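Undergrad: Have a peek at input23.txt (compact mmCIF, C-alpha atoms).
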# COMPACT_ATOMS: atom_id res chain seq x y z
CA MET A 1 91.31 -33.54 81.87
CA SER A 2 88.77 -36.31 81.36
CA GLY A 3 87.55 -36.98 77.83
CA LYS A 4 84.35 -38.63 78.99
CA VAL A 5 81.00 -37.05 78.09
CA ASN A 6 78.37 -36.73 80.80
CA THR A 7 75.49 -38.59 79.15
CA SER A 8 73.19 -38.24 82.16
CA SER A 9 72.30 -34.71 81.05
CA LEU A 10 71.16 -36.08 77.68
CA ARG A 11 68.67 -38.52 79.11
CA CYS A 12 64.93 -37.96 78.81
CA VAL A 13 63.76 -36.81 82.23
CA PHE A 14 60.51 -38.76 81.87
CA CYS A 15 61.76 -42.23 80.91
CA ASN A 16 65.56 -41.98 81.30
CA SER A 17 66.05 -42.94 77.64
CA GLN A 18 69.12 -41.70 75.78
CA SER A 19 67.51 -42.27 72.38
CA HIS A 20 65.42 -39.09 72.39
CA THR A 21 65.04 -35.73 74.10
CA THR A 22 62.46 -34.92 76.74
CA SER A 23 60.38 -32.83 74.34
CA ALA A 24 60.15 -35.77 71.91
CA CYS A 25 59.36 -38.44 74.49
CA ASN A 26 56.77 -40.95 73.29
CA SER A 27 57.36 -43.55 75.98
CA ASN A 28 54.29 -45.26 77.40
CA MET A 29 55.80 -44.68 80.86
CA LYS A 30 55.57 -48.38 81.75
CA GLY A 31 51.94 -48.45 80.65
CA ARG A 32 50.97 -45.43 82.77
CA ARG A 33 51.22 -42.59 80.23
CA ARG A 34 47.45 -42.26 79.77
CA ILE A 35 46.84 -42.28 83.52
CA LEU A 36 49.54 -39.68 84.13
CA THR A 37 48.21 -37.52 81.29
CA ASP A 38 44.68 -37.63 82.74
CA ILE A 39 46.01 -36.60 86.15
CA GLY A 40 48.01 -33.72 84.67
CA ASN A 41 44.97 -32.50 82.73
CA ASN A 42 42.36 -32.91 85.45
CA PHE A 43 43.82 -32.84 88.95
CA MET A 44 43.47 -29.05 89.29
CA LEU A 45 39.68 -29.38 88.96
CA ASP A 46 39.34 -32.56 91.05
CA ASP A 47 37.96 -32.16 94.57
CA THR A 48 40.37 -34.82 95.83
CA LEU A 49 44.11 -34.21 95.59
CA PRO A 50 46.04 -37.17 94.14
CA ASP A 51 48.53 -38.91 96.42
CA PHE A 52 51.58 -37.48 94.68
CA LYS A 53 53.94 -39.17 97.13
CA SER A 54 53.05 -42.50 95.55
CA PHE A 55 54.46 -41.44 92.16
CA THR A 56 58.05 -41.74 91.04
CA ILE A 57 60.12 -38.62 90.36
CA ASN A 58 59.92 -39.21 86.59
CA GLU A 59 56.14 -39.58 86.75
CA LEU A 60 55.87 -36.35 88.73
CA ARG A 61 57.98 -34.58 86.12
CA PHE A 62 55.63 -35.85 83.42
CA ILE A 63 52.53 -34.71 85.36
CA ALA A 64 54.13 -31.29 85.84
CA SER A 65 54.72 -31.00 82.08
CA ILE A 66 51.07 -31.84 81.36
CA TYR A 67 49.99 -29.30 84.00
CA GLU A 68 52.01 -26.65 82.14
CA ASP A 69 50.01 -27.39 78.97
CA PHE A 70 46.73 -27.43 80.93
CA GLN A 71 47.38 -24.02 82.45
CA LYS A 72 47.72 -22.48 78.98
CA ILE A 73 44.02 -23.17 78.38
CA PRO A 74 42.53 -20.45 80.64
CA ASN A 75 43.05 -17.01 79.16
CA LYS A 76 45.52 -15.12 81.32
CA HIS A 77 43.72 -11.83 80.68
CA ASP A 78 40.42 -13.34 81.81
CA MET A 79 42.07 -14.82 84.88
CA ARG A 80 43.35 -11.40 85.84
CA LYS A 81 39.87 -9.91 85.31
CA ARG A 82 38.42 -12.54 87.63
CA ARG A 83 41.25 -12.32 90.16
CA SER A 84 39.06 -10.73 92.85
CA ARG A 85 36.64 -13.64 92.51
CA TYR A 86 39.09 -16.51 92.47
CA PHE A 87 42.48 -15.37 93.74
CA SER A 88 43.72 -13.20 96.60
CA GLU A 89 46.65 -11.60 94.80
CA GLU A 90 47.65 -10.97 91.19
CA TYR A 91 50.82 -12.87 92.05
CA ASP A 92 48.66 -16.00 92.32
CA VAL A 93 47.80 -15.76 88.62
CA GLU A 94 51.44 -15.34 87.66
CA TYR A 95 52.39 -18.26 89.89
CA LEU A 96 49.79 -20.55 88.32
CA TYR A 97 51.19 -19.76 84.88
CA SER A 98 54.79 -20.44 85.89
CA PRO A 99 56.23 -23.84 84.88
CA ILE A 100 57.44 -26.38 87.42
CA PRO A 101 61.14 -27.02 86.71
CA THR A 102 62.00 -30.67 86.10
CA THR A 103 65.24 -30.13 87.99
CA LEU A 104 63.45 -29.87 91.33
CA THR A 105 63.58 -32.66 93.87
CA LYS A 106 60.62 -34.96 94.33
CA ALA A 107 59.54 -33.17 97.50
CA ARG A 108 59.71 -29.77 95.79
CA ILE A 109 57.71 -30.93 92.76
CA ILE A 110 55.04 -32.33 95.08
CA ARG A 111 54.95 -29.05 96.99
CA GLU A 112 54.57 -27.06 93.77
CA LEU A 113 51.72 -29.27 92.53
CA VAL A 114 49.93 -29.08 95.89
CA ASN A 115 50.35 -25.30 96.09
CA ARG A 116 48.80 -24.82 92.66
CA TRP A 117 45.92 -27.18 93.45
CA THR A 118 45.26 -25.24 96.67
CA LEU A 119 45.19 -21.90 94.83
CA TYR A 120 42.57 -23.29 92.44
CA ALA A 121 40.06 -23.99 95.22
CA ASN A 122 37.56 -21.26 94.28
CA VAL A 123 37.65 -22.25 90.60
CA ARG A 124 36.87 -25.87 91.59
CA VAL A 125 33.93 -24.78 93.73
CA ASN A 126 32.45 -22.78 90.85
CA LYS A 127 32.87 -25.62 88.36
CA ASN A 128 31.98 -28.60 90.52
CA HIS A 129 29.29 -27.19 92.80
CA ASN A 130 27.84 -23.96 91.35
CA LYS A 131 26.48 -25.03 87.97
CA PRO A 132 23.29 -23.03 87.22
CA ASP A 133 20.13 -25.01 86.59
CA ASP A 134 19.04 -25.68 83.03
CA VAL A 135 16.18 -23.47 81.85
CA ASP A 136 13.03 -25.35 80.76
CA CYS A 137 10.06 -23.85 78.98
CA PRO A 138 7.22 -23.97 81.56
CA ILE A 139 4.67 -24.67 78.81
CA CYS A 140 6.20 -27.50 76.75
CA ILE A 141 8.76 -28.51 79.44
CA ASP A 142 11.50 -28.75 76.79
CA CYS A 143 14.97 -27.60 77.79
CA MET A 144 15.57 -24.16 76.26
CA SER A 145 19.12 -23.56 77.45
CA THR A 146 21.78 -25.36 79.41
CA TYR A 147 25.13 -24.37 80.87
CA ILE A 148 28.57 -25.64 79.90
CA TRP A 149 31.86 -24.94 81.65
CA ASN A 150 34.02 -22.49 79.74
CA PRO A 151 37.63 -23.57 80.47
CA VAL A 152 39.02 -20.39 78.93
CA LYS A 153 36.98 -17.85 80.93
CA LEU A 154 36.59 -20.15 83.97
CA ASN A 155 32.83 -19.69 84.20
CA TRP A 156 29.53 -21.28 83.23
CA SER A 157 28.22 -20.15 79.84
CA SER A 158 24.60 -20.48 78.74
CA VAL A 159 23.99 -22.40 75.52
CA VAL A 160 20.65 -22.54 73.70
CA SER A 161 19.61 -26.18 73.41
CA LYS A 162 16.21 -25.85 71.72
CA GLN A 163 16.60 -24.66 68.15
CA PRO A 164 13.68 -22.71 66.62
CA LEU A 165 12.00 -23.63 63.34
CA PRO A 166 13.26 -21.74 60.26
CA ASP A 167 9.99 -19.79 59.93
CA ALA A 168 9.50 -19.24 63.66
CA LEU A 169 7.80 -16.01 64.70
CA PHE A 170 10.25 -15.72 67.59
CA PRO A 171 13.71 -17.08 66.64
CA GLY A 172 14.85 -17.32 70.26
CA ASN A 173 13.63 -17.68 73.79
CA ILE A 174 11.42 -15.00 75.30
CA ARG A 175 11.98 -13.44 78.71
CA THR A 176 9.04 -11.40 79.98
CA PRO A 177 9.38 -8.21 82.07
CA CYS A 178 8.11 -10.23 85.03
CA GLY A 179 11.12 -12.52 84.72
CA HIS A 180 9.65 -15.71 83.17
CA GLU A 181 11.18 -17.43 80.14
CA PHE A 182 9.42 -19.33 77.35
CA CYS A 183 10.58 -20.90 74.12
CA GLY A 184 9.72 -18.90 71.02
CA GLY A 185 7.27 -21.51 69.68
CA CYS A 186 5.16 -21.68 72.84
CA TRP A 187 5.21 -17.92 73.23
CA ALA A 188 3.94 -17.48 69.65
CA LEU A 189 1.03 -19.87 70.34
CA HIS A 190 0.19 -18.08 73.59
CA LEU A 191 0.40 -14.70 71.91
CA ASN A 192 -1.90 -15.66 69.03
CA ALA A 193 -4.45 -17.36 71.28
CA ASN A 194 -4.66 -14.96 74.22
CA SER A 195 -3.63 -11.42 73.24
CA LYS A 196 -6.35 -8.76 73.06
CA VAL A 197 -6.65 -5.18 71.91
CA GLU A 198 -6.31 -2.68 74.75
CA TYR A 199 -9.00 0.02 74.95
CA HIS A 200 -9.14 3.33 76.80
CA GLU A 201 -11.05 3.09 80.05
CA GLN A 202 -13.69 5.45 81.43
CA ARG A 203 -14.86 6.75 78.05
CA PHE A 204 -18.26 6.74 76.43
CA ARG A 205 -16.80 5.26 73.30
CA GLU A 206 -14.29 2.47 73.33
CA GLU A 207 -11.19 3.51 71.46
CA PRO A 208 -8.15 1.27 70.97
CA THR A 209 -4.93 2.53 72.50
CA GLY A 210 -2.83 1.05 69.73
CA ARG A 211 -1.41 -1.55 72.07
CA MET A 212 -2.12 -5.23 72.61
CA ILE A 213 -2.47 -6.69 76.07
CA LEU A 214 -1.44 -10.16 77.19
CA SER A 215 -1.10 -11.94 80.51
CA CYS A 216 1.96 -13.93 81.50
CA PRO A 217 0.85 -17.59 81.67
CA MET A 218 2.88 -18.07 84.85
CA CYS A 219 1.93 -15.12 87.06
CA ARG A 220 -0.84 -13.35 85.07
CA HIS A 221 1.22 -10.15 85.00
CA LYS A 222 -0.12 -7.81 82.30
CA LEU A 223 2.16 -7.41 79.32
CA TYR A 224 1.81 -4.83 76.56
CA TYR A 225 3.14 -4.69 73.02
CA ILE A 226 2.56 -2.89 69.74
CA LYS A 227 1.21 -5.15 67.01
Just give me the structure as structure tokens.
TA:
Amino acid sequence: MSGKVNTSSLRCVFCNSQSHTTSACNSNMKGRRRILTDIGNNFMLDDTLPDFKSFTINELRFIASIYEDFQKIPNKHDMRKRRSRYFSEEYDVEYLYSPIPTTLTKARIIRELVNRWTLYANVRVNKNHNKPDDVDCPICIDCMSTYIWNPVKLNWSSVVSKQPLPDALFPGNIRTPCGHEFCGGCWALHLNANSKVEYHEQRFREEPTGRMILSCPMCRHKLYYIK
């Protein structure tokens, strides 16, 4: 019986070093660690698939390990909720969350990376091509809200970009029943300058109804409120 120890199993699968384990690898991967990390973090959301055949087996293993960390970012529960929008089968979600074994051959690792990139097609379309337009106040033209990509829920989330003054009459943006939006400051100015008391019609004496009347500055739609 041979007394030799098989040291090949103790080598780091990323850099072939015997001085550390794979999980503790801090090699610069021949100066390509940052590039490989960027690919592992971003290739799923890139419209163009990287040429994985041009990478070495160790580099592909490293990219696969970064992909595994990337795929922990989206919430699995949210991905399941959005399955009908993004994925054909629930199995697709489970597959995307499964790691790519480092023991696979180069061809198999490439196939696994390509399969996952292909499954992510609808997510890429939503992120890269379906961003909603920013909402500007039609009076002051300042941006009231913008949209940022939510990598956890895999959707575009609205974020208020114009902060109101501490003593603002309206602390947030205003959306009228006719569907137009204004920042709180402009709406307060319009309200103070243009609102009028509503009176009963077809009476000998004018009596207030208890409501105020105002026209939308965009479409002149009549708006009512209690002062």
Undergrad: Counting all atoms listed in the file, which of A:Leu154, A:Ile66, A:Val159, A:Leu49 gets nearest to Asn115 in chain A?
TA: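 Selected residue with least distance to Asn115 in chain A: A:Leu49.
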Undergrad: Pick the closest to Cys137 in chain A from A:Cys186, A:Leu60, A:Ile35, A:Met29: which is it, counting only C-alpha atoms?
TA: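 Of all the options, A:Cys186 lies closest to Cys137 in chain A.
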Undergrad: Rounded to one decimal, what separation in Å do you get between CA of Tyr67 in chain A and CA of Arg82 in chain A?
TA: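 CA of Arg82 in chain A lies 20.7 Å from CA of Tyr67 in chain A.
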Undergrad: One number please: CA of Ser84 in chain A to CA of Trp156 in chain A, in Å, one decimal.
TA: 17.2 Å
Undergrad: To one decimal place in Å, what is the distance between CA of Lys196 in chain A and CA of Thr176 in chain A?
TA: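 Value for the CA of Lys196 in chain A-CA of Thr176 in chain A distance: 17.1 Å.
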Undergrad: Let me make sure I understand: among A:Gly184, A:Leu104, A:Asp51, A:Tyr224, which one has the smallest atom-to-atom distance to Tyr199 in chain A if we use only C-alpha atoms?
TA: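 Of the candidates, the smallest distance to Tyr199 in chain A is held by A:Tyr224.
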Undergrad: Excluding same-chain residues fewer than 4 positions from Trp149 in chain A, what lies within 10 Å of it counting only C-alpha atoms, as an MDAnalysis selection string?
TA: chainID A and resid 126:128 131 153:158
Undergrad: Name all residues at most 10 Å from Glu112 in chain A (count all atoms listed in the file; drop same-chain ones fewer than 4 positions away) and give them as a ChimeraX atom specification.
TA: /A:64,95-96,99-101,104,106-108,116-118
Undergrad: Leaving out Thr102 in chain A and any residue of its chain fewer than 5 positions from it, which residues lie within 9 Å of it when counting only C-alpha atoms, given as a list in words?
TA: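 So, after excluding close chain neighbours, the residues are Val13, Asn58, Leu60, Arg61, Phe62, Ala64, Ser65 and Ile109 of chain A.
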Undergrad: Name all residues at most 10 Å from Tyr86 in chain A (count only C-alpha atoms; drop same-chain ones fewer than 2 positions away) and give them as number ranges by chain.
TA: A: 79-84, 88-89, 92-93, 119-126, 154
Undergrad: Keeping only C-alpha atoms, take the residues you just selected and write them out as a PDB file, in the frame of the given file.
TA:
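To be explicit, this is the file written out as part_7.pdb:
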ATOM      1  CA  MET A  79      42.070 -14.820  84.880  1.00  0.00           C
ATOM      2  CA  ARG A  80      43.350 -11.400  85.840  1.00  0.00           C
ATOM      3  CA  LYS A  81      39.870  -9.910  85.310  1.00  0.00           C
ATOM      4  CA  ARG A  82      38.420 -12.540  87.630  1.00  0.00           C
ATOM      5  CA  ARG A  83      41.250 -12.320  90.160  1.00  0.00           C
ATOM      6  CA  SER A  84      39.060 -10.730  92.850  1.00  0.00           C
ATOM      7  CA  SER A  88      43.720 -13.200  96.600  1.00  0.00           C
ATOM      8  CA  GLU A  89      46.650 -11.600  94.800  1.00  0.00           C
ATOM      9  CA  ASP A  92      48.660 -16.000  92.320  1.00  0.00           C
ATOM     10  CA  VAL A  93      47.800 -15.760  88.620  1.00  0.00           C
ATOM     11  CA  LEU A 119      45.190 -21.900  94.830  1.00  0.00           C
ATOM     12  CA  TYR A 120      42.570 -23.290  92.440  1.00  0.00           C
ATOM     13  CA  ALA A 121      40.060 -23.990  95.220  1.00  0.00           C
ATOM     14  CA  ASN A 122      37.560 -21.260  94.280  1.00  0.00           C
ATOM     15  CA  VAL A 123      37.650 -22.250  90.600  1.00  0.00           C
ATOM     16  CA  ARG A 124      36.870 -25.870  91.590  1.00  0.00           C
ATOM     17  CA  VAL A 125      33.930 -24.780  93.730  1.00  0.00           C
ATOM     18  CA  ASN A 126      32.450 -22.780  90.850  1.00  0.00           C
ATOM     19  CA  LEU A 154      36.590 -20.150  83.970  1.00  0.00           C
TER      20      LEU A 154
END
Undergrad: So which residues touch range 22-25 of chain A within 9 Å, counting all atoms listed in the file, skipping near sequence neighbours fewer than 6 positions away, as number ranges by chain?
TA: A: 10-16
Undergrad: Which is closer to Lys76 in chain A than all the others in A:Ser27, A:Cys183, A:Ser19, A:Pro151, using only C-alpha atoms?
TA: A:Pro151
Undergrad: For Asp167 in chain A, which of A:Cys219, A:Ile39, A:Arg111, A:Ala188 is the closest residue, counting all atoms listed in the file?
TA: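 Smallest separation from Asp167 in chain A among the options: A:Ala188.
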Undergrad: Find the residue from A:Leu36, A:Val114, A:Cys140, A:Cys216 that sits nearest to Cys178 in chain A; use only C-alpha atoms when measuring.
TA: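 Comparing A:Leu36, A:Val114, A:Cys140, A:Cys216 against Cys178 in chain A, the winner is A:Cys216.
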